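Colleague: Just so it is clear, I am handing over my_file_29.tsv, which has TSV, C-alpha atoms (C1' of nucleotides).
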chain	number	residue	atom	x	y	z
K	1	MET	CA	0.00	0.00	0.00
K	2	GLN	CA	1.56	3.27	-1.00
K	3	ARG	CA	1.66	5.88	1.69
K	4	PHE	CA	1.21	8.76	-0.67
K	5	SER	CA	-1.70	8.34	-3.02
K	6	SER	CA	-1.33	9.54	-6.59
K	7	ARG	CA	-4.21	11.81	-5.70
K	8	SER	CA	-2.11	13.99	-3.47
K	9	ILE	CA	0.66	14.15	-6.06
K	10	ASP	CA	-1.92	15.27	-8.59
K	11	ASP	CA	-3.20	17.81	-6.15
K	12	LEU	CA	0.24	19.33	-5.81
K	13	ALA	CA	0.65	19.49	-9.58
K	14	SER	CA	-2.81	20.99	-9.99
K	15	HIS	CA	-2.16	23.48	-7.24
K	16	SER	CA	1.02	24.77	-8.80
K	17	TRP	CA	-0.55	24.94	-12.25
K	18	ILE	CA	-3.58	26.86	-11.01
K	19	VAL	CA	-1.45	29.37	-9.13
K	20	ARG	CA	1.19	29.76	-11.85
K	21	ALA	CA	-1.39	30.21	-14.57
K	22	TYR	CA	-3.10	32.94	-12.58
K	23	ASP	CA	0.11	34.87	-12.04
K	24	LEU	CA	1.18	34.51	-15.66
K	25	LEU	CA	-2.14	35.60	-17.09
K	26	GLU	CA	-2.47	38.50	-14.70
K	27	SER	CA	0.99	39.75	-15.65
K	28	CYS	CA	-0.09	39.53	-19.31
K	29	PHE	CA	-3.53	41.08	-19.15
K	30	GLY	CA	-3.45	43.05	-15.91
K	31	ASP	CA	-6.53	43.70	-13.81
K	32	LEU	CA	-9.56	43.08	-15.98
K	33	HIS	CA	-12.16	43.91	-13.30
K	34	TRP	CA	-14.99	42.16	-15.08
K	35	TRP	CA	-17.94	41.65	-16.05
K	36	PRO	CA	-18.53	43.91	-19.06
K	37	GLY	CA	-21.72	45.59	-17.91
K	38	GLU	CA	-22.58	48.78	-16.09
K	39	SER	CA	-25.11	47.51	-13.57
K	40	PRO	CA	-26.12	44.29	-11.83
K	41	LEU	CA	-29.21	44.09	-14.04
K	42	GLU	CA	-27.16	44.50	-17.19
K	43	ILE	CA	-24.84	41.75	-15.98
K	44	VAL	CA	-27.72	39.37	-15.40
K	45	ILE	CA	-29.13	40.12	-18.83
K	46	GLY	CA	-25.71	39.63	-20.40
K	47	ALA	CA	-25.27	36.32	-18.61
K	48	ILE	CA	-28.45	34.98	-20.18
K	49	LEU	CA	-27.91	36.50	-23.62
K	50	THR	CA	-24.36	35.18	-23.93
K	51	GLN	CA	-25.37	31.53	-23.63
K	52	ASN	CA	-23.58	29.77	-26.48
K	53	THR	CA	-23.24	33.12	-28.25
K	54	ALA	CA	-20.36	35.38	-29.23
K	55	TRP	CA	-20.16	38.42	-26.95
K	56	ILE	CA	-20.10	40.82	-29.89
K	57	ASN	CA	-23.66	39.82	-30.71
K	58	VAL	CA	-24.71	40.17	-27.08
K	59	GLU	CA	-23.42	43.75	-27.12
K	60	LYS	CA	-25.67	44.54	-30.04
K	61	ALA	CA	-28.68	43.10	-28.27
K	62	ILE	CA	-27.90	45.03	-25.10
K	63	GLY	CA	-27.41	48.16	-27.20
K	64	ASN	CA	-30.88	47.63	-28.61
K	65	LEU	CA	-32.29	47.19	-25.11
K	66	LYS	CA	-30.69	50.44	-24.00
K	67	GLY	CA	-31.94	52.27	-27.07
K	68	ALA	CA	-35.45	51.02	-26.40
K	69	GLY	CA	-35.29	52.04	-22.75
K	70	LEU	CA	-35.64	48.45	-21.66
K	71	LEU	CA	-32.82	48.20	-19.14
K	72	SER	CA	-35.08	48.22	-16.11
K	73	ILE	CA	-37.06	45.60	-14.25
K	74	GLU	CA	-40.21	47.64	-14.77
K	75	ALA	CA	-39.85	47.87	-18.53
K	76	LEU	CA	-38.82	44.25	-18.93
K	77	TYR	CA	-41.73	43.17	-16.79
K	78	HIS	CA	-44.26	44.95	-18.95
K	79	ILE	CA	-42.97	44.27	-22.46
K	80	THR	CA	-44.38	41.23	-24.19
K	81	GLU	CA	-42.16	38.25	-24.73
K	82	GLU	CA	-42.55	38.55	-28.47
K	83	ASN	CA	-41.57	42.22	-28.62
K	84	LEU	CA	-38.64	41.53	-26.35
K	85	SER	CA	-37.48	38.77	-28.66
K	86	LEU	CA	-37.33	41.18	-31.59
K	87	VAL	CA	-35.16	43.63	-29.63
K	88	ILE	CA	-32.61	40.99	-28.62
K	89	LYS	CA	-32.56	39.32	-32.00
K	90	PRO	CA	-28.85	39.89	-32.75
K	91	ALA	CA	-27.94	37.66	-29.79
K	92	GLY	CA	-29.41	34.61	-31.50
K	93	PHE	CA	-31.80	32.01	-30.01
K	94	TYR	CA	-33.94	35.06	-29.53
K	95	ARG	CA	-37.28	33.37	-28.81
K	96	GLN	CA	-35.74	31.15	-26.15
K	97	LYS	CA	-33.77	33.98	-24.63
K	98	ALA	CA	-36.79	36.29	-24.47
K	99	LYS	CA	-38.57	33.54	-22.60
K	100	ARG	CA	-35.58	33.11	-20.28
K	101	LEU	CA	-35.26	36.82	-19.54
K	102	LYS	CA	-38.97	36.95	-18.80
K	103	ALA	CA	-38.69	33.93	-16.52
K	104	PHE	CA	-35.96	35.62	-14.51
K	105	ILE	CA	-37.82	38.93	-14.28
K	106	ASP	CA	-40.98	37.16	-13.14
K	107	PHE	CA	-38.94	35.25	-10.56
K	108	LEU	CA	-37.42	38.50	-9.32
K	109	VAL	CA	-40.72	40.35	-9.11
K	110	LEU	CA	-42.55	37.47	-7.46
K	111	ASN	CA	-39.92	36.63	-4.83
K	112	TYR	CA	-38.02	39.87	-4.19
K	113	GLY	CA	-40.36	42.67	-5.19
K	114	GLY	CA	-38.38	43.19	-8.37
K	115	ASN	CA	-35.35	44.25	-6.35
K	116	LEU	CA	-31.96	42.71	-7.22
K	117	SER	CA	-30.39	43.94	-3.99
K	118	SER	CA	-33.05	42.13	-2.01
K	119	MET	CA	-32.38	38.99	-3.99
K	120	PHE	CA	-28.71	39.09	-3.09
K	121	GLU	CA	-29.50	39.48	0.59
K	122	GLU	CA	-30.75	35.92	0.63
K	123	ASP	CA	-28.47	33.11	1.84
K	124	GLU	CA	-26.24	32.49	-1.16
K	125	GLY	CA	-26.53	28.71	-1.16
K	126	THR	CA	-30.30	28.94	-1.07
K	127	LEU	CA	-30.28	31.59	-3.76
K	128	ARG	CA	-28.19	29.40	-6.06
K	129	GLU	CA	-30.66	26.55	-5.68
K	130	LYS	CA	-33.54	28.87	-6.46
K	131	LEU	CA	-31.81	30.36	-9.49
K	132	LEU	CA	-31.20	26.87	-10.87
K	133	CYS	CA	-34.96	26.32	-10.77
K	134	VAL	CA	-35.62	29.35	-12.97
K	135	TYR	CA	-36.20	28.44	-16.61
K	136	GLY	CA	-33.07	29.14	-18.63
K	137	ILE	CA	-30.63	29.40	-15.73
K	138	GLY	CA	-28.13	26.57	-15.45
K	139	LYS	CA	-24.99	26.27	-13.35
K	140	GLU	CA	-22.78	28.59	-15.35
K	141	THR	CA	-25.39	31.32	-15.65
K	142	ALA	CA	-26.29	31.03	-11.96
K	143	ASP	CA	-22.66	31.32	-10.90
K	144	SER	CA	-22.06	34.24	-13.28
K	145	ILE	CA	-24.98	36.07	-11.73
K	146	LEU	CA	-23.86	35.27	-8.19
K	147	LEU	CA	-20.23	36.20	-8.73
K	148	TYR	CA	-20.38	39.11	-11.12
K	149	ALA	CA	-23.70	40.73	-10.27
K	150	GLY	CA	-23.84	39.77	-6.61
K	151	GLY	CA	-20.21	39.62	-5.55
K	152	LYS	CA	-20.66	36.13	-4.08
K	153	LEU	CA	-17.91	33.52	-3.91
K	154	PHE	CA	-18.78	31.15	-6.77
K	155	PHE	CA	-16.25	30.18	-9.43
K	156	VAL	CA	-17.66	30.23	-12.96
K	157	ILE	CA	-16.83	27.30	-15.23
K	158	ASP	CA	-17.32	27.91	-18.94
K	159	ALA	CA	-16.30	26.36	-22.25
K	160	TYR	CA	-13.03	28.30	-22.32
K	161	THR	CA	-12.07	27.09	-18.85
K	162	ARG	CA	-12.68	23.48	-19.87
K	163	ARG	CA	-10.83	23.85	-23.14
K	164	ILE	CA	-7.80	25.55	-21.66
K	165	LEU	CA	-7.40	23.19	-18.70
K	166	GLY	CA	-8.17	20.22	-20.94
K	167	ARG	CA	-5.51	21.14	-23.48
K	168	HIS	CA	-2.94	21.70	-20.77
K	169	GLY	CA	-3.68	18.32	-19.24
K	170	VAL	CA	-4.79	19.72	-15.89
K	171	MET	CA	-8.16	18.00	-16.10
K	172	GLN	CA	-10.20	15.99	-18.58
K	173	GLU	CA	-12.20	18.39	-20.69
K	174	ARG	CA	-15.31	16.30	-20.14
K	175	ALA	CA	-15.08	16.34	-16.32
K	176	SER	CA	-18.20	17.55	-14.54
K	177	TYR	CA	-18.95	21.15	-13.67
K	178	GLU	CA	-18.58	20.29	-9.99
K	179	GLU	CA	-15.15	18.72	-10.54
K	180	TYR	CA	-13.89	21.86	-12.23
K	181	GLN	CA	-15.37	24.09	-9.58
K	182	LYS	CA	-13.82	22.03	-6.82
K	183	LEU	CA	-10.42	22.30	-8.47
K	184	PHE	CA	-10.44	26.08	-8.32
K	185	LYS	CA	-12.14	26.23	-4.94
K	186	THR	CA	-9.48	23.95	-3.47
K	187	HIS	CA	-6.44	25.76	-4.80
K	188	LEU	CA	-7.43	29.42	-4.61
K	189	PRO	CA	-7.82	31.87	-1.74
K	190	LYS	CA	-11.48	32.41	-0.95
K	191	GLU	CA	-11.65	35.92	-2.31
K	192	VAL	CA	-14.26	37.23	-4.69
K	193	ARG	CA	-11.68	39.43	-6.35
K	194	ILE	CA	-9.56	36.39	-7.25
K	195	TYR	CA	-12.51	34.36	-8.56
K	196	ASN	CA	-13.69	37.29	-10.61
K	197	GLN	CA	-10.29	38.06	-12.07
K	198	TYR	CA	-9.33	34.44	-12.77
K	199	HIS	CA	-12.41	33.64	-14.79
K	200	ALA	CA	-12.02	36.89	-16.68
K	201	LEU	CA	-8.41	36.00	-17.43
K	202	LEU	CA	-9.40	32.57	-18.69
K	203	VAL	CA	-12.03	33.98	-21.02
K	204	GLU	CA	-9.60	36.55	-22.36
K	205	THR	CA	-7.04	33.81	-22.95
K	206	GLY	CA	-9.63	31.62	-24.60
K	207	LYS	CA	-10.77	34.35	-26.95
K	208	ARG	CA	-7.28	35.27	-27.99
K	209	TYR	CA	-5.32	32.04	-27.92
K	210	CYS	CA	-7.53	29.02	-27.44
K	211	ARG	CA	-10.14	29.06	-30.17
K	212	ARG	CA	-11.07	25.78	-31.78
K	213	GLU	CA	-7.99	25.00	-33.84
K	214	PRO	CA	-5.11	25.07	-33.80
K	215	LEU	CA	-3.60	25.48	-30.36
K	216	CYS	CA	-2.05	28.90	-30.58
K	217	ALA	CA	1.71	29.03	-30.24
K	218	ASN	CA	1.57	32.37	-28.47
K	219	CYS	CA	-0.59	31.23	-25.59
K	220	PRO	CA	0.95	32.63	-22.38
K	221	LEU	CA	0.34	29.28	-20.71
K	222	LYS	CA	2.10	27.06	-23.19
K	223	ASP	CA	5.24	26.54	-21.11
K	224	ILE	CA	3.65	25.62	-17.80
F	1	DC	C1'	-19.16	28.06	-48.00
F	2	DA	C1'	-18.68	25.62	-43.42
F	3	DC	C1'	-18.06	26.26	-38.86
F	4	DC	C1'	-18.46	28.26	-34.40
F	5	DA	C1'	-19.73	31.43	-30.32
F	6	DG	C1'	-18.54	32.90	-22.41
F	7	DG	C1'	-25.57	27.08	-22.50
F	8	DC	C1'	-29.80	25.21	-21.45
F	9	DA	C1'	-33.91	22.20	-21.64
F	10	DA	C1'	-36.06	18.23	-23.16
F	11	DG	C1'	-35.83	13.80	-24.87
F	12	DT	C1'	-33.63	9.18	-25.24
F	13	DA	C1'	-31.00	4.88	-23.74
P	1	DT	C1'	-25.92	9.00	-15.52
P	2	DA	C1'	-24.51	10.28	-20.09
P	3	DC	C1'	-25.30	11.39	-24.57
P	4	DT	C1'	-28.21	13.94	-28.47
P	5	DT	C1'	-30.84	17.63	-30.49
P	6	DG	C1'	-33.09	22.22	-31.16
P	7	DC	C1'	-32.50	26.84	-30.62
P	8	DA	C1'	-30.55	31.30	-34.53
P	9	DT	C1'	-27.83	35.42	-35.59
P	10	DG	C1'	-23.47	37.13	-37.21
P	11	DG	C1'	-18.28	36.85	-37.68
P	12	DT	C1'	-14.18	34.43	-39.73
Any chance you could give the structure as structure tokens?
Modeller:
Amino acid sequence: MQRFSSRSIDDLASHSWIVRAYDLLESCFGDLHWWPGESPLEIVIGAILTQNTAWINVEKAIGNLKGAGLLSIEALYHITEENLSLVIKPAGFYRQKAKRLKAFIDFLVLNYGGNLSSMFEEDEGTLREKLLCVYGIGKETADSILLYAGGKLFFVIDAYTRRILGRHGVMQERASYEEYQKLFKTHLPKEVRIYNQYHALLVETGKRYCRREPLCANCPLKDI
DNA sequence: CACCAGGCAAGTA
DNA sequence: TACTTGCATGGT
């Protein structure tokens, strides 16, 4: 029986990779202070609109919402789902996403008087469970809302995170959302600022250096 | 022209 | 549990 399981060896390797990657990326990109959005509401809307969609198209949809005066709970509550879908059209999947935005707004109005601040006053574990019950909100969207709009300590796992860690052999790309989340939770200080910045750094890296094919030679992480 | 983008829900085995 | 498919516009 070996005294040191391969698990703990792996943990050490993972730990050093996670920490080194953070330092390297931060020295490359600096402080990104994410999420691109000017208010908690805009962040929530962006989180739903960006589902499997290029951010550039989300910006157009949000621009349309602004132009139409629809960046408020009130306005979003009163507009019809169909009209909303036309405004957010550039983001793609527009019928589904109109339904999802409506579902969230209804949830917010019904449970928290339409007040985002009130929503975030709820116990964060309970809130996450409730968000996951809202139509159109899965784990990534829930964690994005909690971290970036609410400042809660939840690490966001997205396609870029999987791809980057998968390609660098830190974890199987197909591993579960929980496995990925545990990896970061285990090896990082429990600070919202770090969670926020790290995910932002990973997305930036993914956009620039880790698109589908091929693996970019200039990726800052290639020598770890 | 083909392929993909910061997912999710619903259906199948 | 672990796949598969539909959803849809716009950039490369």
Colleague: Can you measure atom CA of Glu82 of chain K to atom CA of Leu101 of chain K for me? One decimal in Å is fine.
Modeller: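 Value for the atom CA of Glu82 of chain K-atom CA of Leu101 of chain K distance: 11.7 Å.
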Colleague: Just checking: using only C-alpha atoms, which residue out of K:Leu71, K:Leu221, K:Leu25, K:Asp11 ends up closest to Glu38 of chain K?
Modeller: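 Counting only C-alpha atoms, the residue closest to Glu38 of chain K is K:Leu71.
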Colleague: Which residues of chain K come within 8 Å of chain P, and what is each one's closest atom pair and distance in Å (one decimal), counting all atoms listed in the file, sorted by chain and residue number, as JSON lines?
Modeller:
{"residue": "K:Asn57", "atom": "CA", "partner": "P:DG10", "partner_atom": "C1'", "distance": 7.0}
{"residue": "K:Lys89", "atom": "CA", "partner": "P:DT9", "partner_atom": "C1'", "distance": 7.1}
{"residue": "K:Pro90", "atom": "CA", "partner": "P:DT9", "partner_atom": "C1'", "distance": 5.4}
{"residue": "K:Ala91", "atom": "CA", "partner": "P:DT9", "partner_atom": "C1'", "distance": 6.2}
{"residue": "K:Gly92", "atom": "CA", "partner": "P:DT9", "partner_atom": "C1'", "distance": 4.5}
{"residue": "K:Phe93", "atom": "CA", "partner": "P:DA8", "partner_atom": "C1'", "distance": 4.7}
{"residue": "K:Tyr94", "atom": "CA", "partner": "P:DA8", "partner_atom": "C1'", "distance": 7.1}
{"residue": "K:Gln96", "atom": "CA", "partner": "P:DC7", "partner_atom": "C1'", "distance": 7.0}
Colleague: Using all atoms listed in the file, I'd like every residue of chain F that has an atom within 12 Å of chain K; please write them out as a PyMOL selection string.
Modeller: chain F and resi 3-9
Colleague: So the first atom is atom CA of Ala98 of chain K and the second is atom CA of Leu70 of chain K; what is the distance between them in Å, to one decimal place?
Modeller: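 According to the coordinates, atom CA of Ala98 of chain K and atom CA of Leu70 of chain K are separated by 12.5 Å.
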Colleague: What does the distance between atom CA of Cys28 of chain K and atom CA of Leu188 of chain K come to in Å, to one decimal place?
Modeller: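 Distance between the two atoms: 19.3 Å.
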Colleague: Counting only C-alpha atoms (C1' of nucleotides), I want the residues whose atoms come within 12 Å of (-6.3, 33.2, -3.6) in the file frame, returned as a ChimeraX atom specification.
Modeller: /K:15,18-20,22-23,153,155,184-198
Colleague: Could you give me the centre and size, in Å to one decimal, of an axis-aligned box around all listed atoms of chain P with 6 Å added on every side, as lines of an AutoDock Vina configuration file?
Modeller:
center_x = -23.6
center_y = 23.1
center_z = -27.6
size_x = 30.9
size_y = 40.1
size_z = 36.2
